[in-house]
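Have a look at data-v9.txt; it's compact mmCIF, C-alpha atoms and all ligand atoms:
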```txt
# COMPACT_ATOMS: atom_id res chain seq x y z
CA MET A 24 92.18 168.18 45.16
CA ALA A 25 93.38 170.35 48.08
CA SER A 26 90.80 171.63 50.60
CA ARG A 27 89.65 175.12 49.71
CA PRO A 28 89.35 177.84 52.36
CA SER A 29 85.66 178.18 51.39
CA ASP A 30 84.90 174.51 52.15
CA PRO A 31 82.39 174.21 55.01
CA PRO A 32 83.84 172.47 58.09
CA GLY A 33 83.61 168.70 57.84
CA PHE A 34 83.02 168.77 54.11
CA PRO A 35 86.50 167.68 52.86
CA ALA A 36 86.20 164.36 54.73
CA ARG A 37 82.79 163.69 53.12
CA ARG A 38 84.10 164.65 49.68
CA ALA A 39 86.99 162.22 50.22
CA ALA A 40 84.49 159.53 51.31
CA LEU A 41 82.62 160.10 48.04
CA ARG A 42 85.85 159.73 46.07
CA LEU A 43 86.66 156.52 47.91
CA LEU A 44 83.24 155.03 47.18
CA ASP A 45 83.52 156.07 43.56
CA ALA A 46 86.96 154.41 43.31
CA VAL A 47 85.69 151.13 44.78
CA LEU A 48 82.21 150.90 43.28
CA ARG A 49 82.76 152.43 39.85
CA GLN A 50 86.46 151.82 39.19
CA GLY A 51 86.84 148.52 41.06
CA LEU A 52 89.85 149.72 43.11
CA ALA A 53 90.71 148.50 46.61
CA LEU A 54 89.78 150.99 49.35
CA GLU A 55 93.33 151.12 50.73
CA GLN A 56 94.72 151.63 47.23
CA ALA A 57 92.36 154.57 46.62
CA LEU A 58 93.03 156.24 49.98
CA PRO A 59 96.14 158.37 49.22
CA ARG A 60 94.60 160.01 46.14
CA ALA A 61 91.11 160.41 47.59
CA THR A 62 92.41 162.14 50.74
CA GLN A 63 95.09 164.21 49.03
CA GLY A 64 95.14 167.74 50.44
CA ILE A 65 93.44 166.77 53.72
CA GLU A 66 95.99 167.70 56.33
CA ARG A 67 94.48 166.31 59.53
CA ALA A 68 94.93 162.57 60.12
CA ASP A 69 91.54 162.57 61.94
CA ASP A 70 89.78 163.80 58.81
CA ARG A 71 91.49 161.20 56.63
CA ALA A 72 90.50 158.52 59.14
CA LEU A 73 86.91 159.83 59.15
CA ALA A 74 86.73 159.64 55.34
CA HIS A 75 87.98 156.05 55.49
CA ALA A 76 85.54 155.13 58.29
CA ILE A 77 82.55 156.58 56.41
CA ALA A 78 83.48 154.79 53.18
CA ALA A 79 84.22 151.46 54.90
CA GLU A 80 80.96 151.53 56.89
CA THR A 81 79.02 152.45 53.73
CA LEU A 82 80.52 149.41 52.01
CA ARG A 83 79.58 147.16 54.96
CA ARG A 84 76.03 148.46 54.85
CA LEU A 85 75.52 149.13 51.16
CA PRO A 86 72.59 146.78 50.35
CA ASP A 87 70.68 147.98 53.44
CA LEU A 88 71.37 151.66 52.73
CA ASP A 89 70.24 151.24 49.14
CA ALA A 90 67.08 149.45 50.23
CA LEU A 91 66.22 152.42 52.46
CA ILE A 92 66.93 154.91 49.68
CA ASP A 93 64.81 152.91 47.23
CA SER A 94 61.96 152.78 49.73
CA ALA A 95 61.84 156.59 49.80
CA THR A 96 62.24 157.52 46.12
CA ARG A 97 59.41 157.38 43.61
CA GLN A 98 61.79 156.64 40.74
CA ARG A 99 64.76 154.38 41.45
CA LEU A 100 68.00 156.37 41.44
CA PRO A 101 70.63 154.85 39.13
CA ASP A 102 73.40 152.98 41.00
CA ASP A 103 75.97 155.58 39.98
CA ALA A 104 73.81 158.67 40.60
CA LYS A 105 75.56 161.29 42.72
CA ALA A 106 72.36 161.70 44.76
CA ARG A 107 72.55 158.00 45.74
CA PHE A 108 76.18 158.37 46.82
CA ALA A 109 75.37 161.49 48.85
CA LEU A 110 72.41 159.78 50.53
CA ARG A 111 74.47 156.70 51.38
CA ILE A 112 77.09 158.91 53.04
CA ALA A 113 74.55 160.98 54.98
CA LEU A 114 72.52 157.94 56.09
CA VAL A 115 75.45 155.78 57.16
CA GLN A 116 76.72 158.56 59.37
CA THR A 117 73.40 158.98 61.12
CA LEU A 118 72.28 155.36 61.26
CA ALA A 119 75.60 153.60 61.92
CA LEU A 120 78.25 156.10 63.03
CA GLY A 121 76.22 158.19 65.47
CA THR A 122 76.45 161.56 63.67
CA PRO A 123 73.41 163.76 64.49
CA PRO A 124 71.13 164.05 61.41
CA HIS A 125 71.55 167.82 60.98
CA ALA A 126 75.37 167.49 60.91
CA ALA A 127 75.25 164.48 58.59
CA ILE A 128 73.10 166.22 56.00
CA ALA A 129 74.78 169.64 56.29
CA THR A 130 78.18 168.17 55.47
CA VAL A 131 76.85 166.12 52.56
CA LEU A 132 74.65 168.66 50.74
CA PRO A 133 77.64 170.54 49.25
CA LEU A 134 78.41 167.29 47.36
CA VAL A 135 75.28 167.87 45.26
CA GLU A 136 75.53 171.67 45.03
CA GLY A 137 73.97 172.83 41.75
CA GLY A 138 72.32 169.39 41.38
CA PRO A 139 69.70 167.24 43.13
CA ARG A 140 70.11 168.99 46.50
CA LYS A 141 66.39 169.18 47.15
CA LEU A 142 65.91 165.48 46.41
CA VAL A 143 68.75 164.46 48.73
CA HIS A 144 67.51 166.72 51.49
CA GLY A 145 63.93 165.48 51.08
CA VAL A 146 64.75 161.75 51.01
CA PHE A 147 67.15 162.03 53.96
CA GLY A 148 64.59 164.02 55.98
CA ALA A 149 61.76 161.59 55.20
CA LEU A 150 63.85 158.58 56.23
CA THR A 151 65.30 160.00 59.42
CA ARG A 152 62.00 161.57 60.55
CA GLY A 153 60.27 158.27 59.80
CA GLY A 154 62.59 156.43 62.20
CA ALA A 155 64.56 154.50 59.56
CA THR A 156 67.09 152.04 61.02
CA LEU A 157 69.61 149.57 59.68
CA PRO A 158 69.09 145.88 60.47
CA GLU A 159 71.26 144.36 63.22
CA VAL A 160 72.66 141.82 60.74
CA PRO A 161 73.73 143.53 57.51
CA ALA A 162 72.68 142.04 54.17
CA LEU A 163 75.43 140.67 51.95
CA PRO A 164 75.42 141.94 48.37
CA ALA A 165 73.10 139.57 46.45
CA ALA A 166 75.84 138.21 44.17
CA VAL A 167 78.10 137.41 47.15
CA ALA A 168 75.29 135.80 49.17
CA GLU A 169 74.45 133.60 46.20
CA ARG A 170 78.09 132.67 45.46
CA TRP A 171 78.96 131.77 49.07
CA ALA A 172 75.67 129.94 49.70
CA MET A 173 76.37 127.87 46.60
CA ALA A 174 80.01 127.16 47.59
CA TRP A 175 79.64 126.69 51.37
CA GLY A 176 75.94 126.59 52.24
CA GLU A 177 73.35 129.06 53.52
CA ASP A 178 74.69 128.80 57.10
CA VAL A 179 78.10 130.08 56.11
CA ALA A 180 76.63 132.94 54.06
CA ALA A 181 74.49 133.87 57.09
CA ALA A 182 77.56 133.74 59.38
CA ALA A 183 79.43 136.01 56.94
CA ALA A 184 76.60 138.54 57.15
CA ARG A 185 76.76 138.44 60.96
CA ALA A 186 80.54 138.88 60.87
CA ILE A 187 80.23 142.14 58.90
CA ALA A 188 78.68 143.89 61.87
CA VAL A 189 81.23 142.85 64.50
CA PRO A 190 84.67 144.50 64.64
CA PRO A 191 87.22 141.66 64.34
CA PRO A 192 89.36 141.02 67.43
CA LEU A 193 93.04 141.82 67.55
CA ASP A 194 95.19 138.70 67.05
CA LEU A 195 98.88 138.79 67.94
CA SER A 196 101.57 136.29 66.92
CA LEU A 197 104.22 136.03 69.62
CA GLN A 198 107.88 135.80 68.76
CA ARG A 199 108.75 133.52 71.71
CA ASP A 200 106.91 131.51 74.35
CA ASP A 201 108.04 134.02 77.01
CA ALA A 202 107.24 137.12 74.91
CA GLU A 203 106.17 140.28 76.73
CA LYS A 204 102.48 140.66 75.92
CA PRO A 205 99.21 142.29 76.98
CA GLU A 206 96.32 140.43 78.62
CA GLY A 207 94.32 138.22 76.28
CA VAL A 208 93.16 134.74 75.38
CA SER A 209 95.43 132.22 73.68
CA LEU A 210 93.87 129.91 71.07
CA LEU A 211 97.18 128.34 69.96
CA PRO A 212 100.78 128.39 71.23
CA ARG A 213 102.38 131.81 70.64
CA HIS A 214 98.97 133.37 69.92
CA LEU A 215 97.01 135.98 71.82
CA ARG A 216 93.57 137.43 71.12
CA ARG A 217 92.11 140.58 72.63
CA GLU A 218 89.79 143.51 71.93
CA PRO A 219 90.85 145.80 69.09
CA GLY A 220 92.63 148.95 70.28
CA ASN A 221 95.72 151.07 69.97
CA VAL A 222 98.43 148.55 69.11
CA THR A 223 101.49 150.71 69.62
CA GLU A 224 100.66 151.33 73.29
CA LEU A 225 100.44 147.65 74.25
CA PRO A 226 103.24 145.97 76.25
CA GLY A 227 105.71 144.18 74.00
CA PHE A 228 105.08 146.32 70.90
CA SER A 229 108.13 148.55 71.14
CA THR A 230 110.32 145.58 72.10
CA GLY A 231 109.05 143.67 69.05
CA ASP A 232 107.84 140.69 71.05
CA TRP A 233 104.81 140.24 68.77
CA TRP A 234 103.15 141.42 65.59
CA VAL A 235 99.52 141.74 64.51
CA GLN A 236 98.29 138.79 62.46
CA ASP A 237 94.85 137.21 62.14
CA LEU A 238 94.75 133.72 63.64
CA ALA A 239 93.84 132.09 60.29
CA ALA A 240 96.63 134.04 58.56
CA SER A 241 99.10 132.56 61.03
CA LEU A 242 98.24 128.96 60.08
CA PRO A 243 100.22 128.63 56.79
CA ALA A 244 103.60 129.30 58.44
CA ARG A 245 102.63 127.26 61.52
CA LEU A 246 102.06 124.27 59.21
CA ILE A 247 105.68 124.54 58.04
CA GLY A 248 106.81 124.37 61.67
CA ARG A 249 110.33 124.84 63.00
CA GLY A 250 113.44 124.36 60.88
CA THR A 251 116.97 125.56 60.29
CA GLY A 252 117.19 125.26 56.50
CA VAL A 253 116.26 127.73 53.78
CA ALA A 254 112.64 128.87 53.52
CA LEU A 255 111.29 130.95 50.66
CA ASP A 256 108.38 133.20 51.60
CA LEU A 257 106.82 134.08 48.25
CA CYS A 258 104.41 137.02 48.03
CA ALA A 259 105.69 138.00 51.44
CA ALA A 260 104.61 141.59 52.06
CA PRO A 261 103.73 143.03 54.53
CA GLY A 262 105.41 140.07 56.16
CA GLY A 263 103.59 138.39 59.05
CA LYS A 264 104.46 134.95 57.70
CA ALA A 265 108.11 135.86 57.05
CA LEU A 266 108.39 136.94 60.70
CA GLN A 267 106.87 133.64 61.87
CA LEU A 268 109.28 131.61 59.73
CA ALA A 269 112.27 133.62 60.95
CA ALA A 270 111.10 133.19 64.57
CA ALA A 271 110.82 129.42 63.91
CA GLY A 272 114.52 129.26 63.03
CA TRP A 273 114.43 129.27 59.21
CA GLN A 274 116.84 131.22 57.00
CA VAL A 275 114.18 133.23 55.24
CA THR A 276 114.21 134.83 51.82
CA ALA A 277 111.09 136.97 51.47
CA VAL A 278 110.07 138.02 47.96
CA ASP A 279 107.34 140.42 46.85
CA VAL A 280 106.77 142.66 43.84
CA SER A 281 105.61 145.63 45.92
CA ALA A 282 108.38 147.80 47.40
CA ARG A 283 105.73 149.87 49.19
CA ARG A 284 104.32 146.80 50.97
CA LEU A 285 107.83 145.45 51.68
CA ALA A 286 108.65 148.68 53.54
CA ARG A 287 106.31 147.36 56.27
CA LEU A 288 108.31 144.12 56.43
CA HIS A 289 111.54 146.10 56.83
CA GLU A 290 109.93 148.06 59.70
CA ASN A 291 108.75 144.85 61.36
CA LEU A 292 112.14 143.17 60.99
CA ALA A 293 113.78 146.20 62.60
CA ARG A 294 111.22 146.24 65.43
CA THR A 295 111.37 142.50 66.17
CA GLY A 296 115.11 142.02 65.58
CA LEU A 297 114.31 139.03 63.35
CA GLU A 298 116.27 138.39 60.17
CA ALA A 299 115.23 137.76 56.59
CA LYS A 300 116.70 138.46 53.19
CA VAL A 301 114.20 140.72 51.44
CA VAL A 302 113.92 140.76 47.64
CA THR A 303 111.74 143.08 45.58
CA ALA A 304 110.89 141.15 42.42
CA ASP A 305 108.12 139.82 40.23
CA LEU A 306 108.03 136.08 40.82
CA ARG A 307 107.16 135.50 37.19
CA GLN A 308 110.71 136.65 36.37
CA TRP A 309 112.72 135.98 39.56
CA SER A 310 114.29 132.61 40.49
CA PRO A 311 116.16 131.61 43.67
CA PRO A 312 119.84 130.64 43.45
CA ALA A 313 119.02 127.13 44.70
CA PRO A 314 115.96 125.04 45.65
CA ALA A 315 114.72 125.46 49.24
CA ASP A 316 113.71 123.11 52.06
CA ALA A 317 110.40 124.91 52.51
CA VAL A 318 108.43 127.20 50.20
CA LEU A 319 105.41 129.21 51.29
CA LEU A 320 103.28 130.75 48.55
CA ASP A 321 100.69 133.12 50.02
CA ALA A 322 99.35 133.94 46.60
CA PRO A 323 97.66 137.17 45.50
CA CYS A 324 93.91 136.58 45.37
CA SER A 325 90.49 138.21 45.45
CA ALA A 326 91.01 138.57 49.24
CA THR A 327 87.32 137.89 49.89
CA GLY A 328 88.33 136.05 53.08
CA ILE A 329 89.31 139.34 54.71
CA PHE A 330 85.99 141.08 54.07
CA ARG A 331 85.60 142.02 57.75
CA ARG A 332 88.54 144.44 57.58
CA HIS A 333 88.30 145.18 53.86
CA PRO A 334 84.59 145.41 52.99
CA ASP A 335 85.41 146.72 49.49
CA VAL A 336 86.06 143.10 48.40
CA LEU A 337 82.34 142.42 48.80
CA HIS A 338 81.59 144.81 45.97
CA ARG A 339 84.46 144.66 43.51
CA THR A 340 85.09 140.91 43.28
CA ARG A 341 83.48 140.04 39.96
CA PRO A 342 83.84 136.62 38.24
CA GLN A 343 86.46 138.06 35.87
CA LEU A 344 88.65 139.21 38.78
CA ILE A 345 88.46 135.75 40.36
CA ALA A 346 89.39 134.14 37.02
CA ASP A 347 92.32 136.58 36.53
CA MET A 348 93.60 135.89 40.04
CA ALA A 349 93.27 132.13 39.58
CA ALA A 350 95.35 132.35 36.39
CA LEU A 351 98.09 134.30 38.22
CA GLN A 352 98.03 131.79 41.10
CA THR A 353 98.46 128.92 38.63
CA ALA A 354 101.54 130.58 37.12
CA LEU A 355 103.06 131.35 40.55
CA LEU A 356 102.30 127.89 41.94
CA ASP A 357 104.06 126.20 39.01
CA ARG A 358 107.14 128.37 39.51
CA ALA A 359 107.14 127.90 43.30
CA ALA A 360 106.87 124.12 42.87
CA GLY A 361 110.09 124.11 40.86
CA TRP A 362 111.97 125.68 43.79
CA VAL A 363 111.22 122.96 46.38
CA LYS A 364 114.03 120.47 47.17
CA PRO A 365 113.18 116.76 46.83
CA GLY A 366 111.51 115.80 50.12
CA GLY A 367 110.79 119.47 50.85
CA THR A 368 107.55 121.21 51.81
CA LEU A 369 105.35 123.52 49.77
CA VAL A 370 102.51 125.40 51.45
CA TYR A 371 99.94 127.08 49.21
CA ALA A 372 97.58 129.61 50.82
CA THR A 373 95.05 132.24 49.79
CA CYS A 374 92.85 134.53 51.91
CA SER A 375 89.93 133.86 49.59
CA LEU A 376 86.48 132.38 50.04
CA GLU A 377 86.34 131.37 46.37
CA PRO A 378 86.94 127.64 45.64
CA GLU A 379 88.53 128.61 42.27
CA GLU A 380 91.44 130.11 44.26
CA GLY A 381 91.66 127.26 46.78
CA GLU A 382 90.32 123.74 46.43
CA GLU A 383 89.99 123.87 42.64
CA GLN A 384 93.41 125.48 42.17
CA LEU A 385 95.01 122.76 44.27
CA GLY A 386 93.14 119.98 42.46
CA ARG A 387 94.43 121.21 39.10
CA PHE A 388 97.98 121.52 40.45
CA LEU A 389 98.06 117.98 41.86
CA ALA A 390 96.69 116.65 38.58
CA ARG A 391 99.48 118.25 36.52
CA ASP A 392 102.50 117.93 38.85
CA GLY A 393 102.97 114.30 39.91
CA ARG A 394 105.98 115.16 42.11
CA PHE A 395 103.75 116.53 44.88
CA SER A 396 101.24 114.95 47.24
CA LEU A 397 99.21 116.39 50.11
CA ASP A 398 100.79 116.19 53.54
CA PRO A 399 97.54 116.03 55.53
CA VAL A 400 97.15 118.57 58.32
CA GLN A 401 96.38 116.98 61.70
CA ALA A 402 93.68 118.23 64.06
CA ASP A 403 96.22 118.99 66.80
CA GLU A 404 97.99 121.48 64.52
CA LEU A 405 94.89 123.70 64.49
CA PRO A 406 92.95 125.60 67.14
CA ALA A 407 89.88 123.89 68.64
CA GLY A 408 87.00 124.93 66.38
CA ILE A 409 88.92 124.60 63.10
CA ALA A 410 89.20 121.03 61.81
CA PRO A 411 91.22 119.90 58.78
CA ALA A 412 89.10 118.96 55.77
CA ALA A 413 88.74 115.21 55.11
CA GLN A 414 91.07 115.67 52.12
CA GLY A 415 93.84 116.96 54.40
CA TRP A 416 93.81 120.67 53.64
CA VAL A 417 92.51 123.53 55.82
CA ARG A 418 89.53 125.68 54.90
CA THR A 419 88.54 128.43 57.35
CA LEU A 420 85.07 129.88 56.91
CA PRO A 421 82.80 132.52 58.45
CA GLY A 422 81.10 130.96 61.46
CA MET A 423 84.24 129.17 62.68
CA LEU A 424 85.31 130.37 66.16
CA GLU A 425 82.35 132.75 66.02
CA ALA A 426 81.90 132.89 69.80
CA GLU A 427 85.60 133.73 70.19
CA GLY A 428 85.48 136.55 67.59
CA GLY A 429 85.80 134.61 64.31
CA CYS A 430 88.69 134.43 61.89
CA ASP A 431 89.50 135.30 58.29
CA GLY A 432 88.58 132.98 55.43
CA PHE A 433 91.62 131.04 54.20
CA PHE A 434 92.53 128.02 52.12
CA ILE A 435 95.78 126.28 53.09
CA ALA A 436 97.33 123.11 51.66
CA ARG A 437 100.62 121.54 52.75
CA LEU A 438 102.35 119.47 50.06
CA ARG A 439 105.41 117.27 50.12
CA ARG A 440 107.70 116.88 47.13
CA ASP A 441 108.70 113.25 46.55
CA SER A 442 112.33 112.46 47.25
C1 LIG A 501 98.16 137.88 50.24
S1 LIG A 501 99.36 139.12 50.01
C2 LIG A 501 100.70 138.50 50.95
C3 LIG A 501 100.62 138.62 52.45
C4 LIG A 501 101.90 138.19 53.14
N1 LIG A 501 102.29 136.84 52.81
C5 LIG A 501 101.86 138.32 54.65
O1 LIG A 501 101.75 137.33 55.37
O2 LIG A 501 101.94 139.45 55.14
C6 LIG A 501 99.88 138.83 48.36
C7 LIG A 501 101.13 139.56 47.93
O3 LIG A 501 101.46 139.12 46.61
C8 LIG A 501 102.23 140.14 46.02
N2 LIG A 501 102.32 139.85 44.56
C9 LIG A 501 101.33 139.92 43.65
N3 LIG A 501 101.78 139.56 42.44
C10 LIG A 501 103.10 139.24 42.59
C11 LIG A 501 104.13 138.81 41.70
N4 LIG A 501 103.87 138.61 40.41
N5 LIG A 501 105.37 138.61 42.19
C12 LIG A 501 105.63 138.82 43.50
N6 LIG A 501 104.69 139.23 44.40
C13 LIG A 501 103.44 139.43 43.95
C14 LIG A 501 101.49 141.40 46.41
O4 LIG A 501 102.33 142.55 46.33
C15 LIG A 501 101.06 141.07 47.84
O5 LIG A 501 101.93 141.64 48.77
```

Can you present the structure in this file as structure tokens?
Amino acid sequence: MASRPSDPPGFPARRAALRLLDAVLRQGLALEQALPRATQGIERADDRALAHAIAAETLRRLPDLDALIDSATRQRLPDDAKARFALRIALVQTLALGTPPHAAIATVLPLVEGGPRKLVHGVFGALTRGGATLPEVPALPAAVAERWAMAWGEDVAAAAARAIAVPPPLDLSLQRDDAEKPEGVSLLPRHLRREPGNVTELPGFSTGDWWVQDLAASLPARLIGRGTGVALDLCAAPGGKALQLAAAGWQVTAVDVSARRLARLHENLARTGLEAKVVTADLRQWSPPAPADAVLLDAPCSATGIFRRHPDVLHRTRPQLIADMAALQTALLDRAAGWVKPGGTLVYATCSLEPEEGEEQLGRFLARDGRFSLDPVQADELPAGIAPAAQGWVRTLPGMLEAEGGCDGFFIARLRRDS
């Protein structure tokens, strides 16, 4: 895997980009999960970042890149053909990332050494000489466009496509009302939105006055509000919601199965000076010592609501994955429900745009557990531009707050256990 001295300059990053695309598109892995292995042996952080940027942009633009490739080949290249992968990588660099054509193709041709080099060179040359461009609004993969149009309407699918092309803004959650912070726009108390940029250089980072958290992702903990009792943050890593609960006065126990992801929570607790008990455990086996006043379950899901930052979800979320995730959520929700004190609060959230992981999951839960009822969210608990659903839950969708920079797709329900 290590770079070889004979590798042409720039080639290891492209080879890593190819490995990343292979991991996502053929093996169904998450881009972030594939990164360490795909970039193994690449010493420079810049080159690792370049490999990630090429792969992520290819995934944002995949249907459009493939349409261009298909328009220039007499026989359609199979989806998993190496020549198609090489062409995607060369074209995305030239048409979306500003790499001059000669550099884009020179660094990609070694990927098809001893194979369809001539074909790749010819198709790339024909397209770039012919003035090929990518559309301003990327196309969603057909299966995703169809699924989201069916669930939410054509307008929302169109807004999702528009959102792919725009880098999401940087949202910060502030620890206190008087937190030290950079310039920005506030859409809710203790929230600040600004252009994306280098986070660690901003005022208030080193003093731990804020942490990065999408506005929609901050809603589940906001709906629990302030309190002094015990709050369980289930599926807590990397920990934005645990930090919010701790800042709101709760005695937080944060549980997650992933020690690697919890390391980020430990770093954030150290940086912010906030306190939480952190437990590494599988919630299907773990139980708390006593029921809690508030329980937040931010359940594992297809994560299709965070497609702007993680475009791999657009391509690897098949119906079976959604069904598997929904089954895991059902198991975790039933366990979490058993840990809520009478009269206590349970918030269920997923960063998914699939009703099976949100509305339908909640409907099934309420039908089988008569102890819980919805505690309807009020309009004044949400930013202007996001209204609670008539049923009392919150559903954030592409197109909401679009003029302000948008937000992730979330489903959030606040439930009260009868006393
Ligand atoms: C949506 S993420 C949580 C994000 C987090 N709440 C935050 O605000 O930063 C879902 C989490 O569920 C965790 N998870 C998945 N299956 C689990 C299980 N069986 N037990 C505990 N945690 C689990 C994953 O490791 C992942 O960190």

Chain A residues near ligand LIG 501 (chain A) within 6 Å, closest pair each, using all atoms listed in the file, as a tab-separated table:
```
residue	atom	partner	partner_atom	distance
A:Cys258	CA	A:LIG501	O3	3.9
A:Ala259	CA	A:LIG501	N1	3.8
A:Ala260	CA	A:LIG501	O5	4.2
A:Pro261	CA	A:LIG501	O2	4.0
A:Gly262	CA	A:LIG501	O2	3.7
A:Gly263	CA	A:LIG501	O1	4.2
A:Lys264	CA	A:LIG501	O1	4.3
A:Asp279	CA	A:LIG501	N6	3.8
A:Val280	CA	A:LIG501	C12	4.0
A:Ser281	CA	A:LIG501	O4	4.5
A:Ala304	CA	A:LIG501	C12	5.9
A:Asp305	CA	A:LIG501	N5	3.6
A:Leu306	CA	A:LIG501	N5	3.9
A:Arg307	CA	A:LIG501	N4	5.6
A:Asp321	CA	A:LIG501	N1	4.9
A:Ala322	CA	A:LIG501	C6	5.2
A:Pro323	CA	A:LIG501	C6	4.0
```

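In this structure, atom CA of Gly145 of chain A sits 12.2 Å away from atom CA of Ala113 of chain A.
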
Worksheet item: Around (109.5, 119.5, 48.5) in the file's frame, which residues reach within 7 Å when counting all atoms listed in the file? Return as JSON, numbers by chain?
Response: {"A": [316, 317, 363, 364, 365, 366, 367, 368, 369, 439, 440, 441]}

Worksheet item: Of the candidates A:Val135, A:Leu85, A:Leu268, A:Leu211, which one gets nearest to Pro164 of chain A if we count all atoms listed in the file?
Response: A:Leu85

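Distances from A:Gly231, A:Gly361, A:Gly272, A:Pro243 to Gly296 of chain A were compared using only C-alpha atoms, and the smallest one belongs to A:Gly231.
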
Fill in: One-decimal distance in Å that lies between atom CA of Arg391 of chain A and atom CA of Gly250 of chain A
28.7 Å

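Minimum distance to Leu257 of chain A across A:Leu356, A:Ala269, A:Ala186, A:Ala282 (counting all atoms listed in the file) occurs at A:Leu356.
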
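Minimum atom-to-atom distances from A:Asp232, A:Leu91, A:Leu351, A:Ala277 to Ala293 of chain A were compared using all atoms listed in the file, and the lowest value belongs to A:Asp232.
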
Using all atoms listed in the file, find all polymer residues with an atom at most 8 Å away from the point (93.4, 130.9, 46.7); report them as a tab-separated table (two decimals) with C-alpha atoms, in the coordinates of the input.
```
chain	number	residue	atom	x	y	z
A	322	ALA	CA	99.35	133.94	46.60
A	323	PRO	CA	97.66	137.17	45.50
A	324	CYS	CA	93.91	136.58	45.37
A	325	SER	CA	90.49	138.21	45.45
A	349	ALA	CA	93.27	132.13	39.58
A	352	GLN	CA	98.03	131.79	41.10
A	371	TYR	CA	99.94	127.08	49.21
A	372	ALA	CA	97.58	129.61	50.82
A	373	THR	CA	95.05	132.24	49.79
A	374	CYS	CA	92.85	134.53	51.91
A	375	SER	CA	89.93	133.86	49.59
A	376	LEU	CA	86.48	132.38	50.04
A	377	GLU	CA	86.34	131.37	46.37
A	378	PRO	CA	86.94	127.64	45.64
A	379	GLU	CA	88.53	128.61	42.27
A	380	GLU	CA	91.44	130.11	44.26
A	381	GLY	CA	91.66	127.26	46.78
A	382	GLU	CA	90.32	123.74	46.43
A	384	GLN	CA	93.41	125.48	42.17
A	433	PHE	CA	91.62	131.04	54.20
A	434	PHE	CA	92.53	128.02	52.12
```
